[in-house]
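Undergrad: start.cif is the file, holding mmCIF, C-alpha atoms:
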data_entry
#
loop_
_atom_site.label_atom_id
_atom_site.label_comp_id
_atom_site.auth_asym_id
_atom_site.auth_seq_id
_atom_site.Cartn_x
_atom_site.Cartn_y
_atom_site.Cartn_z
CA MET A 1 34.22 13.50 26.19
CA ALA A 2 33.84 17.10 25.17
CA PHE A 3 36.46 19.04 23.25
CA SER A 4 36.90 22.77 23.04
CA PRO A 5 33.89 24.60 21.53
CA LEU A 6 35.43 25.08 18.08
CA ILE A 7 36.29 21.41 17.68
CA ASP A 8 32.87 20.41 18.98
CA ARG A 9 31.25 22.63 16.43
CA LEU A 10 33.32 21.16 13.63
CA VAL A 11 32.45 17.60 14.64
CA ASP A 12 28.77 18.49 14.88
CA SER A 13 28.78 20.19 11.50
CA LEU A 14 30.44 17.25 9.77
CA ARG A 15 27.59 15.05 10.87
CA CYS A 16 25.26 16.65 8.34
CA LEU A 17 27.00 14.59 5.65
CA PRO A 18 25.31 11.32 4.67
CA GLY A 19 26.82 8.28 6.34
CA VAL A 20 28.76 10.26 8.90
CA GLY A 21 28.00 9.45 12.52
CA PRO A 22 29.60 10.89 15.66
CA LYS A 23 32.64 8.63 15.50
CA SER A 24 33.51 9.25 11.85
CA ALA A 25 32.85 12.96 12.26
CA GLN A 26 35.37 13.02 15.07
CA ARG A 27 37.92 11.14 13.01
CA MET A 28 37.47 13.51 10.08
CA ALA A 29 37.79 16.58 12.31
CA PHE A 30 41.02 15.35 13.86
CA HIS A 31 42.43 14.30 10.54
CA LEU A 32 41.87 17.79 9.16
CA LEU A 33 43.26 19.50 12.25
CA GLU A 34 46.29 17.27 12.69
CA ARG A 35 47.40 16.55 9.13
CA GLU A 36 45.41 18.38 6.52
CA ARG A 37 45.12 22.03 7.51
CA GLU A 38 45.58 23.19 3.95
CA GLY A 39 43.05 20.74 2.56
CA GLY A 40 40.64 21.75 5.29
CA LEU A 41 40.87 25.40 4.33
CA LYS A 42 40.38 24.52 0.69
CA LEU A 43 37.34 22.46 1.62
CA ALA A 44 35.93 25.32 3.68
CA GLU A 45 36.38 27.75 0.83
CA ALA A 46 34.92 25.40 -1.79
CA LEU A 47 31.97 24.62 0.47
CA GLU A 48 31.27 28.26 1.12
CA GLN A 49 31.42 29.19 -2.55
CA ALA A 50 29.32 26.24 -3.68
CA MET A 51 26.70 26.74 -1.00
CA THR A 52 26.18 30.40 -1.82
CA GLY A 53 26.89 30.23 -5.55
CA VAL A 54 25.15 27.13 -6.87
CA GLY A 55 21.53 27.51 -7.86
CA ARG A 56 19.22 26.07 -10.47
CA CYS A 57 19.57 26.32 -14.24
CA ASP A 58 16.86 28.58 -15.64
CA GLN A 59 16.06 26.08 -18.35
CA CYS A 60 16.54 22.54 -17.09
CA ARG A 61 16.46 23.16 -13.33
CA THR A 62 19.63 21.16 -12.69
CA LEU A 63 22.17 22.39 -10.15
CA THR A 64 24.62 24.94 -11.54
CA GLU A 65 26.24 28.25 -10.65
CA GLN A 66 25.50 29.67 -14.08
CA ALA A 67 22.14 31.14 -15.03
CA VAL A 68 21.89 28.57 -17.82
CA CYS A 69 23.94 25.38 -17.45
CA PHE A 70 26.56 24.37 -20.00
CA LEU A 71 24.44 21.48 -21.31
CA CYS A 72 21.59 23.82 -22.17
CA GLN A 73 23.99 26.34 -23.74
CA ASP A 74 25.72 23.79 -25.95
CA GLN A 75 24.59 24.53 -29.51
CA ARG A 76 25.87 21.21 -30.82
CA ARG A 77 23.24 19.37 -28.82
CA ASP A 78 19.87 18.52 -30.32
CA HIS A 79 17.50 21.22 -29.07
CA SER A 80 14.39 19.43 -30.29
CA LEU A 81 14.80 16.57 -27.80
CA ILE A 82 14.20 16.90 -24.09
CA CYS A 83 14.79 14.16 -21.54
CA VAL A 84 12.94 14.36 -18.21
CA VAL A 85 14.82 12.91 -15.22
CA GLU A 86 14.33 12.94 -11.45
CA THR A 87 17.70 14.14 -10.15
CA PRO A 88 20.94 15.83 -11.31
CA ALA A 89 22.67 12.50 -10.69
CA ASP A 90 20.45 10.98 -13.38
CA VAL A 91 21.69 13.61 -15.84
CA LEU A 92 25.24 12.56 -15.08
CA ALA A 93 24.40 8.88 -15.53
CA LEU A 94 22.79 9.53 -18.91
CA GLU A 95 25.70 11.73 -19.98
CA GLN A 96 28.13 8.95 -19.12
CA SER A 97 26.18 6.54 -21.30
CA GLY A 98 27.26 8.82 -24.17
CA SER A 99 24.25 7.96 -26.28
CA TYR A 100 22.10 11.00 -25.70
CA ARG A 101 22.71 14.38 -27.33
CA GLY A 102 19.55 16.29 -26.45
CA LEU A 103 18.51 18.56 -23.61
CA TYR A 104 17.42 17.68 -20.10
CA PHE A 105 14.77 18.66 -17.64
CA VAL A 106 15.36 17.82 -13.97
CA LEU A 107 12.26 17.39 -11.82
CA MET A 108 14.20 17.29 -8.53
CA GLY A 109 12.02 14.46 -7.27
CA HIS A 110 8.88 12.60 -8.26
CA LEU A 111 5.19 12.88 -7.53
CA SER A 112 4.61 11.64 -4.02
CA PRO A 113 1.27 12.80 -2.60
CA ILE A 114 1.91 11.49 0.91
CA ASP A 115 5.09 13.58 1.13
CA GLY A 116 3.18 16.59 -0.14
CA ILE A 117 4.93 16.63 -3.50
CA GLY A 118 2.47 17.43 -6.27
CA PRO A 119 2.82 18.55 -9.90
CA GLU A 120 3.68 22.12 -8.90
CA GLN A 121 6.62 21.07 -6.69
CA ILE A 122 8.33 19.16 -9.50
CA GLY A 123 7.88 22.00 -12.00
CA VAL A 124 5.52 20.34 -14.48
CA SER A 125 3.96 23.64 -15.52
CA PHE A 126 7.44 25.03 -16.26
CA LEU A 127 8.20 22.00 -18.42
CA LEU A 128 4.92 22.50 -20.28
CA GLY A 129 5.82 26.12 -20.90
CA ARG A 130 9.13 25.07 -22.42
CA VAL A 131 7.52 22.48 -24.66
CA GLN A 132 5.05 25.09 -25.88
CA GLN A 133 7.54 27.85 -26.52
CA GLU A 134 10.53 25.99 -27.90
CA SER A 135 10.46 23.79 -30.97
CA ILE A 136 10.57 20.53 -29.02
CA GLN A 137 9.65 17.47 -31.04
CA GLU A 138 10.05 14.68 -28.54
CA VAL A 139 9.91 14.43 -24.76
CA ILE A 140 11.68 11.37 -23.35
CA LEU A 141 10.50 10.37 -19.89
CA ALA A 142 13.36 8.84 -17.93
CA THR A 143 11.85 8.82 -14.45
CA ASN A 144 12.68 5.78 -12.31
CA PRO A 145 10.69 2.58 -12.87
CA THR A 146 9.08 2.80 -9.42
CA VAL A 147 5.41 3.28 -8.69
CA GLU A 148 5.93 7.01 -8.08
CA GLY A 149 8.16 7.33 -11.13
CA GLU A 150 5.49 5.72 -13.32
CA ALA A 151 2.82 7.98 -11.88
CA THR A 152 5.02 10.99 -12.64
CA ALA A 153 5.62 9.79 -16.20
CA TYR A 154 1.92 9.26 -16.79
CA TYR A 155 0.98 12.64 -15.38
CA ILE A 156 3.46 14.44 -17.62
CA THR A 157 2.35 12.38 -20.63
CA GLU A 158 -1.26 13.43 -20.10
CA GLN A 159 -0.29 17.08 -19.90
CA ILE A 160 1.98 17.08 -22.95
CA LYS A 161 0.07 14.80 -25.33
CA ALA A 162 -2.48 17.51 -26.05
CA GLN A 163 0.26 19.63 -27.63
CA GLY A 164 1.07 17.21 -30.43
CA VAL A 165 4.56 16.39 -29.21
CA ILE A 166 5.88 12.82 -29.24
CA VAL A 167 6.20 11.48 -25.70
CA SER A 168 8.32 8.38 -25.15
CA ARG A 169 9.29 6.35 -22.10
CA ILE A 170 12.67 4.68 -21.62
CA ALA A 171 12.53 0.89 -21.89
CA HIS A 172 12.67 -1.46 -18.91
CA GLY A 173 14.49 -4.69 -19.41
CA VAL A 174 17.16 -7.22 -18.66
CA PRO A 175 20.53 -5.67 -17.79
CA LEU A 176 23.44 -6.18 -20.19
CA GLY A 177 25.38 -9.28 -19.26
CA GLY A 178 22.53 -10.37 -17.00
CA GLU A 179 21.01 -13.80 -16.81
CA LEU A 180 17.28 -14.28 -17.19
CA GLU A 181 17.23 -16.74 -14.35
CA TYR A 182 18.22 -14.05 -11.85
CA VAL A 183 16.10 -11.19 -13.15
CA ASP A 184 13.10 -10.36 -10.96
CA VAL A 185 9.66 -11.23 -12.30
CA GLY A 186 8.45 -7.65 -12.61
CA THR A 187 11.37 -6.67 -14.86
CA LEU A 188 10.93 -9.80 -16.95
CA ALA A 189 7.24 -9.06 -17.42
CA HIS A 190 8.11 -5.54 -18.58
CA ALA A 191 10.88 -6.82 -20.83
CA LEU A 192 8.47 -9.22 -22.49
CA SER A 193 5.64 -6.76 -22.95
CA GLY A 194 8.07 -4.18 -24.36
CA ARG A 195 9.80 -6.59 -26.79
CA LYS A 196 10.98 -5.38 -30.17
CA VAL A 197 10.70 -6.84 -33.63
CA ILE A 198 14.19 -7.65 -34.95
CA GLU A 199 14.90 -5.71 -38.10
CA MET B 1 6.99 -8.75 19.86
CA ARG B 2 7.79 -10.89 16.87
CA VAL B 3 5.52 -11.42 13.90
CA GLU B 4 6.26 -13.83 11.08
CA LEU B 5 4.99 -13.75 7.52
CA GLN B 6 2.24 -11.21 7.89
CA ALA B 7 0.51 -10.26 4.64
CA ALA B 8 1.19 -6.61 3.84
CA TYR B 9 1.06 -3.86 1.25
CA VAL B 10 3.52 -0.98 1.19
CA LEU B 11 1.69 2.32 1.67
CA HIS B 12 4.67 4.63 1.72
CA THR B 13 8.46 4.60 1.86
CA ARG B 14 11.01 7.25 2.56
CA PRO B 15 14.80 7.09 2.70
CA TYR B 16 16.37 6.77 6.11
CA ARG B 17 20.08 6.94 6.96
CA ASN B 18 22.41 5.57 4.34
CA THR B 19 20.98 2.31 3.20
CA SER B 20 17.69 2.02 5.07
CA MET B 21 14.13 3.01 4.42
CA LEU B 22 11.23 3.87 6.68
CA VAL B 23 8.25 1.94 5.40
CA ASP B 24 4.55 2.10 6.23
CA PHE B 25 2.69 -1.13 5.62
CA LEU B 26 -0.97 -2.06 5.73
CA THR B 27 -1.44 -5.43 7.41
CA PRO B 28 -4.54 -7.47 8.31
CA ASP B 29 -3.73 -8.08 12.00
CA TYR B 30 -1.76 -4.99 13.04
CA GLY B 31 -3.25 -2.15 11.04
CA ARG B 32 -0.64 0.29 9.84
CA VAL B 33 2.85 -0.95 10.68
CA SER B 34 5.80 1.46 10.45
CA GLY B 35 9.24 -0.02 10.37
CA VAL B 36 12.84 0.29 9.31
CA ALA B 37 13.96 -1.92 6.44
CA ARG B 38 17.75 -2.15 6.44
CA GLY B 39 20.11 -2.61 3.55
CA VAL B 40 17.57 -1.76 0.88
CA ARG B 41 19.27 1.24 -0.70
CA GLY B 42 22.55 1.57 -2.45
CA SER B 43 24.07 0.08 -5.54
CA GLY B 44 24.61 -3.49 -4.36
CA LYS B 45 22.73 -6.24 -6.12
CA ALA B 46 21.01 -7.46 -2.96
CA ALA B 47 19.87 -3.95 -2.09
CA LYS B 48 18.46 -3.42 -5.55
CA GLN B 49 16.53 -6.66 -5.47
CA LYS B 50 15.10 -5.91 -2.06
CA ARG B 51 14.15 -2.43 -3.06
CA ALA B 52 12.32 -3.65 -6.13
CA LEU B 53 10.05 -5.60 -3.79
CA LEU B 54 9.32 -2.68 -1.48
CA GLN B 55 7.02 -0.98 -3.94
CA PRO B 56 3.42 -0.05 -3.32
CA LEU B 57 0.76 -2.36 -4.83
CA THR B 58 2.86 -5.51 -4.39
CA PRO B 59 1.37 -8.16 -2.08
CA LEU B 60 4.14 -8.99 0.40
CA LEU B 61 4.73 -11.28 3.33
CA ILE B 62 6.71 -9.46 6.00
CA SER B 63 8.32 -10.48 9.28
CA PHE B 64 8.92 -7.79 11.84
CA SER B 65 9.89 -7.42 15.48
CA GLY B 66 10.25 -4.74 18.11
CA ASN B 67 8.27 -3.26 20.96
CA SER B 68 8.28 0.39 20.03
CA GLU B 69 6.11 2.12 17.44
CA LEU B 70 8.87 1.71 14.87
CA LYS B 71 9.38 -1.96 14.09
CA SER B 72 12.37 -3.68 12.63
CA ILE B 73 11.46 -5.23 9.30
CA ASN B 74 13.48 -8.43 9.33
CA GLN B 75 12.33 -10.07 6.17
CA PHE B 76 10.00 -9.59 3.30
CA GLU B 77 9.12 -11.54 0.22
CA ALA B 78 6.61 -11.13 -2.58
CA GLU B 79 3.49 -13.21 -2.18
CA ARG B 80 2.43 -12.75 -5.78
CA ILE B 81 3.56 -10.52 -8.60
CA GLY B 82 2.55 -6.90 -8.06
CA LEU B 83 -0.40 -5.29 -9.76
CA GLN B 84 0.36 -3.42 -12.96
CA LEU B 85 -1.79 -0.32 -12.75
CA SER B 86 -1.25 2.63 -14.99
CA GLY B 87 -2.63 6.09 -15.52
CA LYS B 88 -5.72 7.16 -13.60
CA LYS B 89 -5.88 3.76 -11.93
CA LEU B 90 -2.39 4.23 -10.56
CA PHE B 91 -3.32 7.69 -9.28
CA SER B 92 -6.37 6.13 -7.63
CA ALA B 93 -4.23 3.57 -5.89
CA LEU B 94 -1.93 6.35 -4.66
CA TYR B 95 -5.03 8.14 -3.41
CA LEU B 96 -6.08 5.07 -1.42
CA ASN B 97 -2.59 4.89 0.07
CA GLU B 98 -2.67 8.53 1.07
CA LEU B 99 -6.08 8.11 2.68
CA LEU B 100 -4.85 5.14 4.69
CA CYS B 101 -1.65 6.88 5.76
CA ARG B 102 -3.63 9.85 6.98
CA LEU B 103 -6.52 8.10 8.70
CA LEU B 104 -5.40 4.70 9.91
CA SER B 105 -3.78 4.28 13.31
CA GLN B 106 -1.29 1.62 14.29
CA HIS B 107 -1.95 -1.69 16.04
CA GLU B 108 -5.49 -2.27 15.06
CA ASP B 109 -7.13 -5.45 13.95
CA SER B 110 -7.88 -4.45 10.40
CA GLU B 111 -8.64 -7.66 8.58
CA VAL B 112 -11.82 -6.14 7.11
CA LEU B 113 -9.96 -3.10 5.87
CA PHE B 114 -7.16 -5.17 4.40
CA MET B 115 -9.68 -7.21 2.42
CA LEU B 116 -11.38 -4.03 1.31
CA TYR B 117 -8.08 -2.56 0.12
CA GLN B 118 -7.11 -5.71 -1.70
CA GLN B 119 -10.51 -5.85 -3.34
CA ALA B 120 -10.30 -2.22 -4.40
CA LEU B 121 -6.89 -2.75 -6.04
CA GLN B 122 -8.13 -5.85 -7.81
CA GLN B 123 -11.19 -4.01 -9.09
CA LEU B 124 -9.03 -1.14 -10.31
CA GLN B 125 -7.01 -3.69 -12.23
CA ASP B 126 -10.14 -5.34 -13.64
CA GLN B 127 -11.41 -2.31 -15.51
CA ALA B 128 -14.22 -1.41 -13.12
CA LEU B 129 -15.47 2.17 -12.97
CA ILE B 130 -12.77 3.92 -11.00
CA ASP B 131 -15.00 6.27 -9.02
CA VAL B 132 -17.32 3.47 -7.91
CA VAL B 133 -14.33 1.50 -6.62
CA LEU B 134 -13.08 4.57 -4.74
CA ARG B 135 -16.50 5.34 -3.24
CA ARG B 136 -16.97 1.77 -2.04
CA PHE B 137 -13.57 1.92 -0.41
CA GLU B 138 -14.22 5.31 1.18
CA LEU B 139 -17.57 4.21 2.61
CA GLY B 140 -15.97 1.01 3.88
CA LEU B 141 -13.08 2.97 5.40
CA LEU B 142 -15.46 5.33 7.22
CA GLN B 143 -17.37 2.32 8.52
CA PHE B 144 -14.15 0.72 9.69
CA LEU B 145 -13.03 3.88 11.48
CA GLY B 146 -16.35 4.00 13.31
CA TYR B 147 -17.74 6.94 11.35
CA GLY B 148 -19.95 4.85 9.06
CA LEU B 149 -22.71 6.78 7.30
CA GLU B 150 -26.31 5.92 8.14
CA LEU B 151 -27.76 6.19 4.66
CA THR B 152 -31.24 5.00 5.58
CA VAL B 153 -32.03 6.78 8.87
CA GLU B 154 -32.82 10.40 9.58
CA CYS B 155 -30.54 11.44 12.44
CA GLU B 156 -32.90 13.68 14.45
CA THR B 157 -36.07 11.63 14.52
CA GLY B 158 -34.68 8.19 13.81
CA GLU B 159 -37.22 7.70 11.06
CA ALA B 160 -36.40 5.95 7.82
CA ILE B 161 -35.20 8.08 4.92
CA THR B 162 -37.88 8.18 2.24
CA ALA B 163 -37.46 8.51 -1.50
CA GLY B 164 -39.63 11.58 -1.96
CA GLN B 165 -37.85 13.84 0.57
CA ASP B 166 -34.64 15.82 0.47
CA TYR B 167 -31.98 15.76 3.18
CA GLN B 168 -29.05 17.76 4.35
CA PHE B 169 -25.83 16.15 5.53
CA TYR B 170 -24.00 17.04 8.73
CA ALA B 171 -20.67 15.28 8.82
CA ASP B 172 -20.64 14.63 12.56
CA GLN B 173 -24.34 13.71 12.84
CA GLY B 174 -25.91 12.34 9.71
CA PHE B 175 -28.80 13.22 7.44
CA ARG B 176 -31.44 15.71 8.50
CA LEU B 177 -34.75 16.22 6.75
CA LEU B 178 -34.87 19.44 4.76
CA PRO B 179 -38.18 21.33 4.94
CA ALA B 180 -39.69 21.81 1.49
CA ASN B 181 -39.43 25.61 1.48
CA SER B 182 -36.04 26.17 3.13
CA LYS B 183 -33.44 28.37 1.48
CA GLU B 184 -30.87 25.56 1.12
CA LYS B 185 -33.26 24.00 -1.32
CA ALA B 186 -32.70 26.84 -3.72
CA SER B 187 -28.91 26.48 -3.54
CA GLY B 188 -29.10 22.86 -4.64
CA TYR B 189 -27.01 21.90 -1.66
CA TYR B 190 -28.90 18.84 -0.50
CA PHE B 191 -29.22 15.09 -1.02
CA PRO B 192 -32.40 13.55 -2.49
CA GLY B 193 -33.70 10.63 -0.42
CA SER B 194 -34.17 8.39 -3.44
CA GLU B 195 -30.49 8.63 -4.38
CA LEU B 196 -29.37 8.02 -0.80
CA LEU B 197 -31.42 4.84 -0.78
CA SER B 198 -29.88 3.73 -4.09
CA LEU B 199 -26.42 4.36 -2.65
CA ALA B 200 -27.31 2.32 0.44
CA ALA B 201 -28.41 -0.49 -1.86
CA GLY B 202 -25.14 -0.24 -3.81
CA ASP B 203 -26.89 0.85 -6.99
CA PHE B 204 -24.43 3.27 -8.61
CA THR B 205 -26.35 5.15 -11.30
CA PRO B 206 -24.67 8.26 -12.79
CA GLU B 207 -26.62 10.57 -10.42
CA VAL B 208 -25.78 8.42 -7.43
CA ARG B 209 -22.07 8.45 -8.40
CA ARG B 210 -22.04 12.24 -8.41
CA LEU B 211 -23.87 12.38 -5.10
CA ALA B 212 -21.58 9.77 -3.53
CA LYS B 213 -18.50 11.77 -4.51
CA ARG B 214 -19.85 14.93 -2.89
CA LEU B 215 -20.97 12.99 0.17
CA CYS B 216 -17.65 11.15 0.67
CA ARG B 217 -15.70 14.39 0.33
CA MET B 218 -17.78 16.00 3.05
CA ALA B 219 -17.64 12.95 5.32
CA LEU B 220 -13.88 12.43 4.93
CA GLY B 221 -13.10 16.13 5.07
CA VAL B 222 -13.96 16.30 8.75
CA HIS B 223 -11.41 13.64 9.59
CA LEU B 224 -8.70 14.82 7.23
CA GLY B 225 -8.58 18.28 8.78
CA ALA B 226 -7.31 21.39 7.07
CA LYS B 227 -4.50 19.77 5.08
CA PRO B 228 -5.82 18.78 1.66
CA LEU B 229 -5.12 15.42 0.05
CA LYS B 230 -2.28 15.91 -2.40
CA SER B 231 -3.23 13.04 -4.69
CA ARG B 232 -6.43 14.82 -5.67
CA GLU B 233 -4.29 17.31 -7.60
CA LEU B 234 -3.26 14.53 -9.95
CA PHE B 235 -6.78 14.09 -11.25
CA SER B 236 -7.28 17.68 -12.27
#
Before anything else, please render the file you have as structure tokens.
TA:
Amino acid sequence: MAFSPLIDRLVDSLRCLPGVGPKSAQRMAFHLLEREREGGLKLAEALEQAMTGVGRCDQCRTLTEQAVCFLCQDQRRDHSLICVVETPADVLALEQSGSYRGLYFVLMGHLSPIDGIGPEQIGVSFLLGRVQQESIQEVILATNPTVEGEATAYYITEQIKAQGVIVSRIAHGVPLGGELEYVDVGTLAHALSGRKVIE
Amino acid sequence: MRVELQAAYVLHTRPYRNTSMLVDFLTPDYGRVSGVARGVRGSGKAAKQKRALLQPLTPLLISFSGNSELKSINQFEAERIGLQLSGKKLFSALYLNELLCRLLSQHEDSEVLFMLYQQALQQLQDQALIDVVLRRFELGLLQFLGYGLELTVECETGEAITAGQDYQFYADQGFRLLPANSKEKASGYYFPGSELLSLAAGDFTPEVRRLAKRLCRMALGVHLGAKPLKSRELFS
């Protein structure tokens, strides 16, 4: 059944959201129109502003509407540490862990030759430039423990090593509160090979 | 069509919808198989475990069904623990995957190729010379695709290639004898017969390795078309 053009357009537009099919889009559209006019307008305004205003941070490439994001501006953070992650969501996850006080660098993806994503697309040369110019002492590679993530980590390591900066990789291991019995073999193998001497 | 427990390697995955992935596999009996694996993304424990399996370089057993190009991946389990390649070897494996994704068509009996791929990965793991492993695979892949190189026969006359002569390579034809005083000789853009014969015999000396690299690039280039292989950038 077709609605009037404006409603049709709204339903169609809502479908660009992840997990929203035709039926949910329709439900959302009617909810906004019937009960939530004010919220809908607020949403429209916020969307418009975010879509035109949000860009990339000049330093860490994460999403922000400022030229330099607040994490990079924060002088209390350790500016000699830089943590390389794949997505802005990873930055958030690490921030929530509360145990990291350095800077970030967001690749916005990982090396994936088949998808046409090479070193240039993930900004490796920009990262190298930063490491050279700023007084960075350690680069922490926190790409995902997938095949592509490992390839990305290795590629960056090779590029940075030559500059005499420490490069480290986050550990892989058994999750807190986990049981060995249910951990997959790959993780266990990594956990064993990366074991630590108890001090 | 329903296939149970087919050996497979993941060549490539990409996210699809909310919790699914589109996966390209290499299988012995069906060539490249593309399919949808459902419920493999997201934060649930089951999804995480499944996703950990769907990594390249892990020998899998997969069950799939469907009549269209895009199959439904019903089940998959690890056959053995995945290979742990790192560094240049990992890049090489990604290169093999990209080659296969670009050149291999679906629904083809590819037992030979599957063995070749498995062997190449194993050799990468076992500290063999990386470039020799790659060249063997490339030559085998060309052979499998029906573009095998005739390393011992001159293509115009059908005579045997001899050690003392030099030859020029034409990707769609083969090797042609190069007259002793031609201008290509000066440019160094030719293949000595002796090295071609060594390559045919599988004798990878340092000179032969350099020649094989140049040769494979030319031979594969024709089939890859204008779009360059991205994984080559990783080696630079």
Undergrad: For chain B, list the residues within 6 Å of chain A, counting all atoms listed in the file, and write the list as a list in words.
TA: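 The answer, sorted by residue number, is Asn18, Gly87, Glu98, Lys230 and Ser231 of chain B.
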Undergrad: Which residues would end up in the selection if the PyMOL selection byres ((chain B and resi 9) around 7) were applied here, given that I need the answer as a PyMOL selection string?
TA: chain B and resi 8+10-11+25-27+56-60
Undergrad: Could you write out as lines of an AutoDock Vina configuration file the box around region 23-26 of chain B (axis-aligned, all atoms listed in the file, 5 Å on each side), with centre and edge lengths in Å to one decimal?
TA:
center_x = 3.6
center_y = 0.0
center_z = 5.8
size_x = 19.2
size_y = 14.2
size_z = 10.8
Undergrad: Can you work out the spacing between CA of Phe204 (chain B) and CA of Gly225 (chain B) in Å, to one decimal?
TA: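 Answer for the CA of Phe204 (chain B) to CA of Gly225 (chain B) separation: 27.9 Å.
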Undergrad: Given the PyMOL selection byres ((chain A and resi 54-63) around 6) and the file above, list the residues it selects as a PDB file with C-alpha atoms, keeping the file's coordinate frame.
TA:
ATOM      1  CA  ALA A  50      29.320  26.240  -3.680  1.00  0.00           C
ATOM      2  CA  GLY A  53      26.890  30.230  -5.550  1.00  0.00           C
ATOM      3  CA  THR A  64      24.620  24.940 -11.540  1.00  0.00           C
ATOM      4  CA  GLU A  65      26.240  28.250 -10.650  1.00  0.00           C
ATOM      5  CA  ALA A  67      22.140  31.140 -15.030  1.00  0.00           C
ATOM      6  CA  VAL A  68      21.890  28.570 -17.820  1.00  0.00           C
ATOM      7  CA  CYS A  69      23.940  25.380 -17.450  1.00  0.00           C
ATOM      8  CA  PRO A  88      20.940  15.830 -11.310  1.00  0.00           C
ATOM      9  CA  TYR A 104      17.420  17.680 -20.100  1.00  0.00           C
ATOM     10  CA  PHE A 105      14.770  18.660 -17.640  1.00  0.00           C
ATOM     11  CA  VAL A 106      15.360  17.820 -13.970  1.00  0.00           C
TER      12      VAL A 106
END
